[in-house]
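These notes concern the structure reproduced below.
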Amino acid sequence: MKRVAKGLICQVLLTLLCWSAVADEELSGGDTTVFIRSSLAFSLPAHNLPLGDLPRFFAGNAIFNVNWVAATSVVDGRDGLGPLFNARSCSACHFKDGRGRPPTPEEIPIGLILRIGIPGLGENGGPLPDPIYGNQVSVRALPGQKPEARIVLKWEEITGAYPDGSVYSLLKPHYAFDHWGYGEPQEALQFSPRVASPVFGLGLLDAISESDLEQRADPDDRDGDGISGRPNRVWSSSKNSDAIGRYGWKANKAELIDQVAGAFVGDIGITTTLFPEENHSAVQAPTGSFADAGSPELADPELEDLVFYLKTLGVPASRIDDPEEFQKGKALFESARCSSCHIPEINTDPHYPIPALAGQTIRPYTDLLLHDMGEALSDGRRDFLATGREWRTPPLWGIGLLPTVNGHSRLLHDGRARNVEEAILWHGGEAEKSKGAFKAMSAENRQLLIAFVESL
């Protein structure tokens, strides 16, 4: 009887210890964390955002969701679309502030863009654009103009097996272009498909100090662990200097305002004071009679409201329904050394100018550094310091809510992975040993690790 009682007490204590250990784990965004699991999980203001900041938050939200129209004498303030573009609004690609996906057959992409360029270095050390088509393909155009090209996507199925005999399959994308609207591009054209990333938690990533990022970097792998993350140093138009990149699949944007203004001109054809020139070359200049929406087409105060909105979106809490299984999955995640790049915990700068984001302990599961992910994921296109094989570690927070918010679970930079398991199996380069450790696990442990990631 005493043995049974002792066993029960131990079990209760173990359970309490588990709950104690994961109590803070739920707070993915520190005090900004929001506790909602619906399709609005990515779209709420930070939990600790003062009431006085909410009008500005919702002003930015309105700009994020507005559908821009062509320049006209009828509409004032939300016109200037195109003439070349990929989407009419921010939310078209980042639906409900979430992630895009690859196009289905015969679908014009929405939520996925094709970065392009030619070998060599462009202005300020960035990618060298194609002389006609620039650095991005526009698949839509206003009447009287032609889209730049049509994107054709085909999938190749690749099968494999785990050491225990379980079979898996992966999808490898093959992209091609046709119907070039303004002549053939350079023969040496390079391209890189990029799906739109979720936009919550961006202010918290901005609030991580540069010194913290630099301390985590190990470009020469001095500790011999096979992991050699390094920051990307990129040109910032808003700072008029170079800085450490944080945003984008290659960490090719240093400041969120650079990312947002760049997306406005590149994706929607809307100019700002940062990027006052329309996104077309001389060869593509409109030949018809196009109304003028003025310059800039998006005023600075509105751009700043939108940046504030993106910085102060709340991060959804981790969904820890079974603390014991969560801890087992986390232990497997760490034993496979996934946490070497997907850092579980980081502190934000206590002096960050938005008080709600300052001095927070956050759990984004990223180091924001570039890592060699192997040849299978290489896009062969240099982006500032990032080679074709290097990608920024993407945050994992909120990953399990993608099906609820966006209706899919496509992962990696081009959305080729249909789920967490496939994303892991595409890892290579510095992550080759981690992938090997995952493959060597029992089927039960693989599912525990996957469930852990999906709970973040």
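Residues are referred to by chain and number: the chain letter is A, B, ... according to the order shown in the structure tokens, the number counts from 1 in that chain, and ligands are numbered separately from 1 in the order shown.
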Sorted by chain and rising residue number, which residues of stretch 264-343 of chain A lie within 6 Å of stretch 199-214 of chain A, and what are their closest atom pairs and distances in Å to one decimal, counting only C-alpha atoms, as a tab-separated table?
```
residue	atom	partner	partner_atom	distance
A:Lys311	CA	A:Gly203	CA	3.7
A:Leu313	CA	A:Phe200	CA	5.0
A:Val315	CA	A:Gly201	CA	5.5
```
Grab the residues selected above and save them as an mmCIF file, in the first residue's frame with N, CA and C atoms.
```cif
data_model
loop_
_atom_site.group_PDB
_atom_site.id
_atom_site.type_symbol
_atom_site.label_atom_id
_atom_site.label_comp_id
_atom_site.auth_asym_id
_atom_site.auth_seq_id
_atom_site.Cartn_x
_atom_site.Cartn_y
_atom_site.Cartn_z
ATOM 1 N N LYS A 311 4.714 45.409 -36.217
ATOM 2 C CA LYS A 311 5.591 45.220 -35.059
ATOM 3 C C LYS A 311 4.821 44.802 -33.813
ATOM 4 N N LEU A 313 1.749 43.111 -33.671
ATOM 5 C CA LEU A 313 0.875 41.941 -33.725
ATOM 6 C C LEU A 313 1.295 40.958 -32.634
ATOM 7 N N VAL A 315 1.882 37.424 -30.598
ATOM 8 C CA VAL A 315 2.346 36.079 -30.946
ATOM 9 C C VAL A 315 1.433 35.056 -30.271
#
```
Residues near A:Trp426, cut-off 12 Å, only C-alpha atoms, skip fewer than 5 positions along chain, as an MDAnalysis selection string: chainID A and resid 158 160 168:172 373:378 411:421 431:432 434:436 438:439
Contact residues around stretch 132-149 of chain A with only C-alpha atoms at 7 Å, ignoring same-chain residues under 3 positions, as JSON, numbers by chain: {"A": [82, 83, 84, 85, 86, 114, 115, 116, 117, 129, 177, 178, 179, 180, 181, 182, 185, 281, 283, 286, 288]}
From A:Ser318, A:Gly428, A:Ser238, A:Glu345, residue lying nearest A:Asp300 [only C-alpha atoms]: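 Among the listed residues, A:Ser238 lies closest to A:Asp300.
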Please build the interface table for stretch 65-162 of chain A against stretch 390-401 of chain A with a cut-off of 12 Å, listing for each qualifying residue the nearest atom pair and the distance in Å to one decimal; count only C-alpha atoms, order rows by chain and increasing number, and write it as a tab-separated table.
```
residue	atom	partner	partner_atom	distance
A:Lys96	CA	A:Leu401	CA	11.7
A:Asp97	CA	A:Gly398	CA	11.4
A:Gly98	CA	A:Leu401	CA	9.4
A:Arg99	CA	A:Ile399	CA	9.6
```
Would you mind exporting C-alpha atoms of the selected residues as an mmCIF file, in the first residue's frame?
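Ended up saving to selection00.cif:
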```cif
data_model
loop_
_atom_site.group_PDB
_atom_site.id
_atom_site.type_symbol
_atom_site.label_atom_id
_atom_site.label_comp_id
_atom_site.auth_asym_id
_atom_site.auth_seq_id
_atom_site.Cartn_x
_atom_site.Cartn_y
_atom_site.Cartn_z
ATOM 1 C CA LYS A 96 -4.943 36.700 -42.100
ATOM 2 C CA ASP A 97 -1.342 37.728 -41.375
ATOM 3 C CA GLY A 98 -0.189 34.203 -42.195
ATOM 4 C CA ARG A 99 1.777 32.231 -44.766
#
```
Distance of atom CA of A:Ala451 from atom CA of A:Asp24, expressed in Å to one decimal place: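 Atom CA of A:Ala451 lies 18.4 Å from atom CA of A:Asp24.
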Within 9 Å of stretch 26-36 of chain A using only C-alpha atoms, minus same-chain residues under 2 positions, as a VMD selection string: chain A and resid 22 to 24 38 to 42 44 to 49 201 204 312 to 320 345 356 to 357 360 to 364 397 to 398 456
Nearest residue to A:Pro198 from the set A:Ala161, A:Ala293, A:Cys90, A:Leu121 (distances using only C-alpha atoms):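 Once distances to A:Pro198 are computed over only C-alpha atoms, the minimum belongs to A:Cys90.
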Minimum-distance residue to A:Pro103, chosen among A:Val195, A:Gly60, A:Glu277, A:Ser455 (using only C-alpha atoms): A:Val195
I need the strand (DSSP E) residues of stretch 7-157 of chain A per DSSP on the backbone, written as an mmCIF file with N, CA and C atoms, in the first residue's frame.
```cif
data_model
loop_
_atom_site.group_PDB
_atom_site.id
_atom_site.type_symbol
_atom_site.label_atom_id
_atom_site.label_comp_id
_atom_site.auth_asym_id
_atom_site.auth_seq_id
_atom_site.Cartn_x
_atom_site.Cartn_y
_atom_site.Cartn_z
ATOM 1 N N LEU A 84 2.607 47.198 -63.119
ATOM 2 C CA LEU A 84 2.944 45.781 -62.961
ATOM 3 C C LEU A 84 2.835 45.436 -61.488
ATOM 4 N N PHE A 85 2.274 44.275 -61.184
ATOM 5 C CA PHE A 85 2.090 43.929 -59.776
ATOM 6 C C PHE A 85 1.864 42.430 -59.624
ATOM 7 N N LEU A 112 3.169 33.744 -53.408
ATOM 8 C CA LEU A 112 4.504 33.271 -53.783
ATOM 9 C C LEU A 112 5.028 34.177 -54.876
ATOM 10 N N ILE A 113 6.282 34.612 -54.732
ATOM 11 C CA ILE A 113 6.922 35.434 -55.745
ATOM 12 C C ILE A 113 8.180 34.743 -56.236
ATOM 13 N N LEU A 114 8.664 35.171 -57.388
ATOM 14 C CA LEU A 114 9.920 34.676 -57.947
ATOM 15 C C LEU A 114 10.927 35.816 -57.971
ATOM 16 N N ARG A 115 11.910 35.755 -57.073
ATOM 17 C CA ARG A 115 13.037 36.675 -57.139
ATOM 18 C C ARG A 115 13.903 36.258 -58.318
ATOM 19 N N ILE A 116 14.403 37.248 -59.062
ATOM 20 C CA ILE A 116 15.258 36.940 -60.207
ATOM 21 C C ILE A 116 16.486 37.837 -60.182
ATOM 22 N N GLY A 117 17.430 37.537 -61.045
ATOM 23 C CA GLY A 117 18.632 38.335 -61.163
ATOM 24 C C GLY A 117 19.614 37.639 -62.074
ATOM 25 N N ILE A 118 20.757 38.269 -62.264
ATOM 26 C CA ILE A 118 21.815 37.689 -63.067
ATOM 27 C C ILE A 118 23.097 37.685 -62.248
ATOM 28 N N PRO A 119 24.074 36.841 -62.609
ATOM 29 C CA PRO A 119 25.305 36.763 -61.810
ATOM 30 C C PRO A 119 25.987 38.125 -61.691
ATOM 31 N N GLY A 120 26.524 38.381 -60.515
ATOM 32 C CA GLY A 120 27.217 39.634 -60.272
ATOM 33 C C GLY A 120 26.611 40.382 -59.101
ATOM 34 N N LEU A 121 27.239 41.473 -58.711
ATOM 35 C CA LEU A 121 26.772 42.284 -57.594
ATOM 36 C C LEU A 121 26.098 43.539 -58.099
ATOM 37 N N PRO A 127 21.803 41.727 -54.947
ATOM 38 C CA PRO A 127 21.717 40.971 -56.194
ATOM 39 C C PRO A 127 21.668 41.899 -57.405
ATOM 40 N N LEU A 128 22.185 41.440 -58.525
ATOM 41 C CA LEU A 128 22.203 42.223 -59.760
ATOM 42 C C LEU A 128 20.923 41.954 -60.538
ATOM 43 N N ARG A 140 1.032 39.980 -62.844
ATOM 44 C CA ARG A 140 -0.217 40.685 -63.140
ATOM 45 C C ARG A 140 0.110 42.080 -63.659
ATOM 46 N N ALA A 141 -0.845 42.665 -64.394
ATOM 47 C CA ALA A 141 -0.646 43.996 -64.954
ATOM 48 C C ALA A 141 -1.995 44.670 -65.160
ATOM 49 N N ARG A 150 4.636 34.298 -67.418
ATOM 50 C CA ARG A 150 3.818 33.283 -66.762
ATOM 51 C C ARG A 150 4.744 32.288 -66.088
ATOM 52 N N ILE A 151 4.402 31.908 -64.869
ATOM 53 C CA ILE A 151 5.208 30.952 -64.110
ATOM 54 C C ILE A 151 4.583 29.571 -64.225
ATOM 55 N N VAL A 152 5.386 28.614 -64.587
ATOM 56 C CA VAL A 152 4.924 27.230 -64.743
ATOM 57 C C VAL A 152 5.613 26.381 -63.676
ATOM 58 N N LEU A 153 4.827 25.663 -62.898
ATOM 59 C CA LEU A 153 5.362 24.848 -61.812
ATOM 60 C C LEU A 153 4.941 23.399 -61.987
ATOM 61 N N LYS A 154 5.923 22.514 -61.951
ATOM 62 C CA LYS A 154 5.659 21.075 -61.974
ATOM 63 C C LYS A 154 6.363 20.433 -60.788
ATOM 64 N N TRP A 155 5.785 19.326 -60.309
ATOM 65 C CA TRP A 155 6.314 18.644 -59.130
ATOM 66 C C TRP A 155 6.869 17.281 -59.490
ATOM 67 N N GLU A 156 8.000 16.961 -58.891
ATOM 68 C CA GLU A 156 8.600 15.639 -59.011
ATOM 69 C C GLU A 156 8.535 14.949 -57.647
ATOM 70 N N GLU A 157 7.978 13.752 -57.615
ATOM 71 C CA GLU A 157 7.892 13.025 -56.351
ATOM 72 C C GLU A 157 9.170 12.225 -56.124
#
```
Residues flagged helix (DSSP H, G or I) by DSSP in stretch 58-196 of chain A, as a tab-separated table (two decimals) with C-alpha atoms, in the first residue's frame:
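As a result, selection17.tsv now contains:
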```
chain	number	residue	atom	x	y	z
A	58	PHE	CA	-6.01	49.43	-36.33
A	59	ALA	CA	-5.02	52.22	-38.71
A	60	GLY	CA	-2.10	50.05	-39.80
A	61	ASN	CA	-4.39	47.04	-40.04
A	62	ALA	CA	-6.66	48.96	-42.43
A	63	ILE	CA	-3.71	49.74	-44.73
A	64	PHE	CA	-2.59	46.11	-44.59
A	65	ASN	CA	-6.00	44.94	-45.82
A	90	CYS	CA	-0.66	43.04	-48.33
A	91	SER	CA	-3.24	40.60	-47.00
A	92	ALA	CA	-3.66	38.95	-50.40
A	93	CYS	CA	-0.28	37.26	-49.92
A	95	PHE	CA	-3.82	36.10	-45.69
A	96	LYS	CA	-4.94	36.70	-42.10
A	97	ASP	CA	-1.34	37.73	-41.37
A	123	GLU	CA	24.06	48.41	-56.17
A	124	ASN	CA	25.30	48.38	-52.55
A	125	GLY	CA	26.32	44.73	-52.82
```
A:Phe264 surroundings by only C-alpha atoms, 12 Å radius, close-in-sequence under 5 positions cut, as a ChimeraX atom specification: /A:63-64,68,80-82,84-91,93,257-259,269-279,296-299,303,306
Writer output for current selection, C-alpha atoms, as a PDB file, in the first residue's frame:
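Below is the file that was written, selection_24.pdb:
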```
ATOM      1  CA  ILE A  63      -3.710  49.743 -44.730  1.00  0.00           C
ATOM      2  CA  PHE A  64      -2.590  46.109 -44.585  1.00  0.00           C
ATOM      3  CA  TRP A  68      -5.374  49.180 -54.116  1.00  0.00           C
ATOM      4  CA  GLY A  80      -1.686  53.934 -57.849  1.00  0.00           C
ATOM      5  CA  LEU A  81      -1.735  50.143 -58.303  1.00  0.00           C
ATOM      6  CA  GLY A  82       0.781  48.766 -60.783  1.00  0.00           C
ATOM      7  CA  LEU A  84       2.944  45.781 -62.961  1.00  0.00           C
ATOM      8  CA  PHE A  85       2.090  43.929 -59.776  1.00  0.00           C
ATOM      9  CA  ASN A  86       1.626  40.591 -58.032  1.00  0.00           C
ATOM     10  CA  ALA A  87      -1.152  41.448 -55.587  1.00  0.00           C
ATOM     11  CA  ARG A  88      -3.601  44.251 -54.784  1.00  0.00           C
ATOM     12  CA  SER A  89      -3.080  44.195 -51.003  1.00  0.00           C
ATOM     13  CA  CYS A  90      -0.659  43.041 -48.330  1.00  0.00           C
ATOM     14  CA  SER A  91      -3.236  40.601 -46.997  1.00  0.00           C
ATOM     15  CA  CYS A  93      -0.281  37.264 -49.920  1.00  0.00           C
ATOM     16  CA  ILE A 257      10.249  49.624 -42.939  1.00  0.00           C
ATOM     17  CA  ASP A 258      12.663  48.587 -45.721  1.00  0.00           C
ATOM     18  CA  GLN A 259      10.877  45.254 -46.041  1.00  0.00           C
ATOM     19  CA  GLY A 269       3.505  48.867 -57.563  1.00  0.00           C
ATOM     20  CA  ILE A 270       2.974  51.494 -54.853  1.00  0.00           C
ATOM     21  CA  THR A 271       5.727  54.068 -54.367  1.00  0.00           C
ATOM     22  CA  THR A 272       6.981  55.528 -51.078  1.00  0.00           C
ATOM     23  CA  THR A 273       9.612  58.096 -50.181  1.00  0.00           C
ATOM     24  CA  LEU A 274      12.023  55.178 -49.623  1.00  0.00           C
ATOM     25  CA  PHE A 275      11.357  53.759 -53.078  1.00  0.00           C
ATOM     26  CA  PRO A 276       9.942  56.602 -55.189  1.00  0.00           C
ATOM     27  CA  GLU A 277      10.463  54.993 -58.612  1.00  0.00           C
ATOM     28  CA  GLU A 278       7.837  52.745 -60.194  1.00  0.00           C
ATOM     29  CA  ASN A 279       8.755  49.077 -60.463  1.00  0.00           C
ATOM     30  CA  PRO A 296       4.669  59.035 -53.163  1.00  0.00           C
ATOM     31  CA  GLU A 297       1.521  56.932 -53.543  1.00  0.00           C
ATOM     32  CA  LEU A 298       1.744  55.823 -49.898  1.00  0.00           C
ATOM     33  CA  ALA A 299       2.439  58.686 -47.502  1.00  0.00           C
ATOM     34  CA  LEU A 303       3.687  53.589 -43.990  1.00  0.00           C
ATOM     35  CA  LEU A 306       1.577  49.888 -41.084  1.00  0.00           C
TER      36      LEU A 306
END
```
Atomic separation - atom CA of A:Asp267 relative to atom CA of A:Thr104, Å: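 It comes out at 19.7 Å.
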Selected residue of minimal separation from A:Glu302 among A:Ala261, A:Leu51, A:Ala285, A:Ile268, counting only C-alpha atoms: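 Of A:Ala261, A:Leu51, A:Ala285, A:Ile268, the one nearest A:Glu302, counting only C-alpha atoms, is A:Ala261.
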Minimum-distance residue to A:Gln215, chosen among A:His94, A:His174, A:Leu54, A:Leu368 (using only C-alpha atoms): A:Leu368
Shell around A:Leu370 at 10 Å using only C-alpha atoms, local window under 6 positions removed, as JSON, numbers by chain: {"A": [217, 219, 228, 229, 230, 231, 232, 245, 246, 249, 250, 251, 341, 385, 386, 387, 389, 390, 391, 392, 393, 394]}
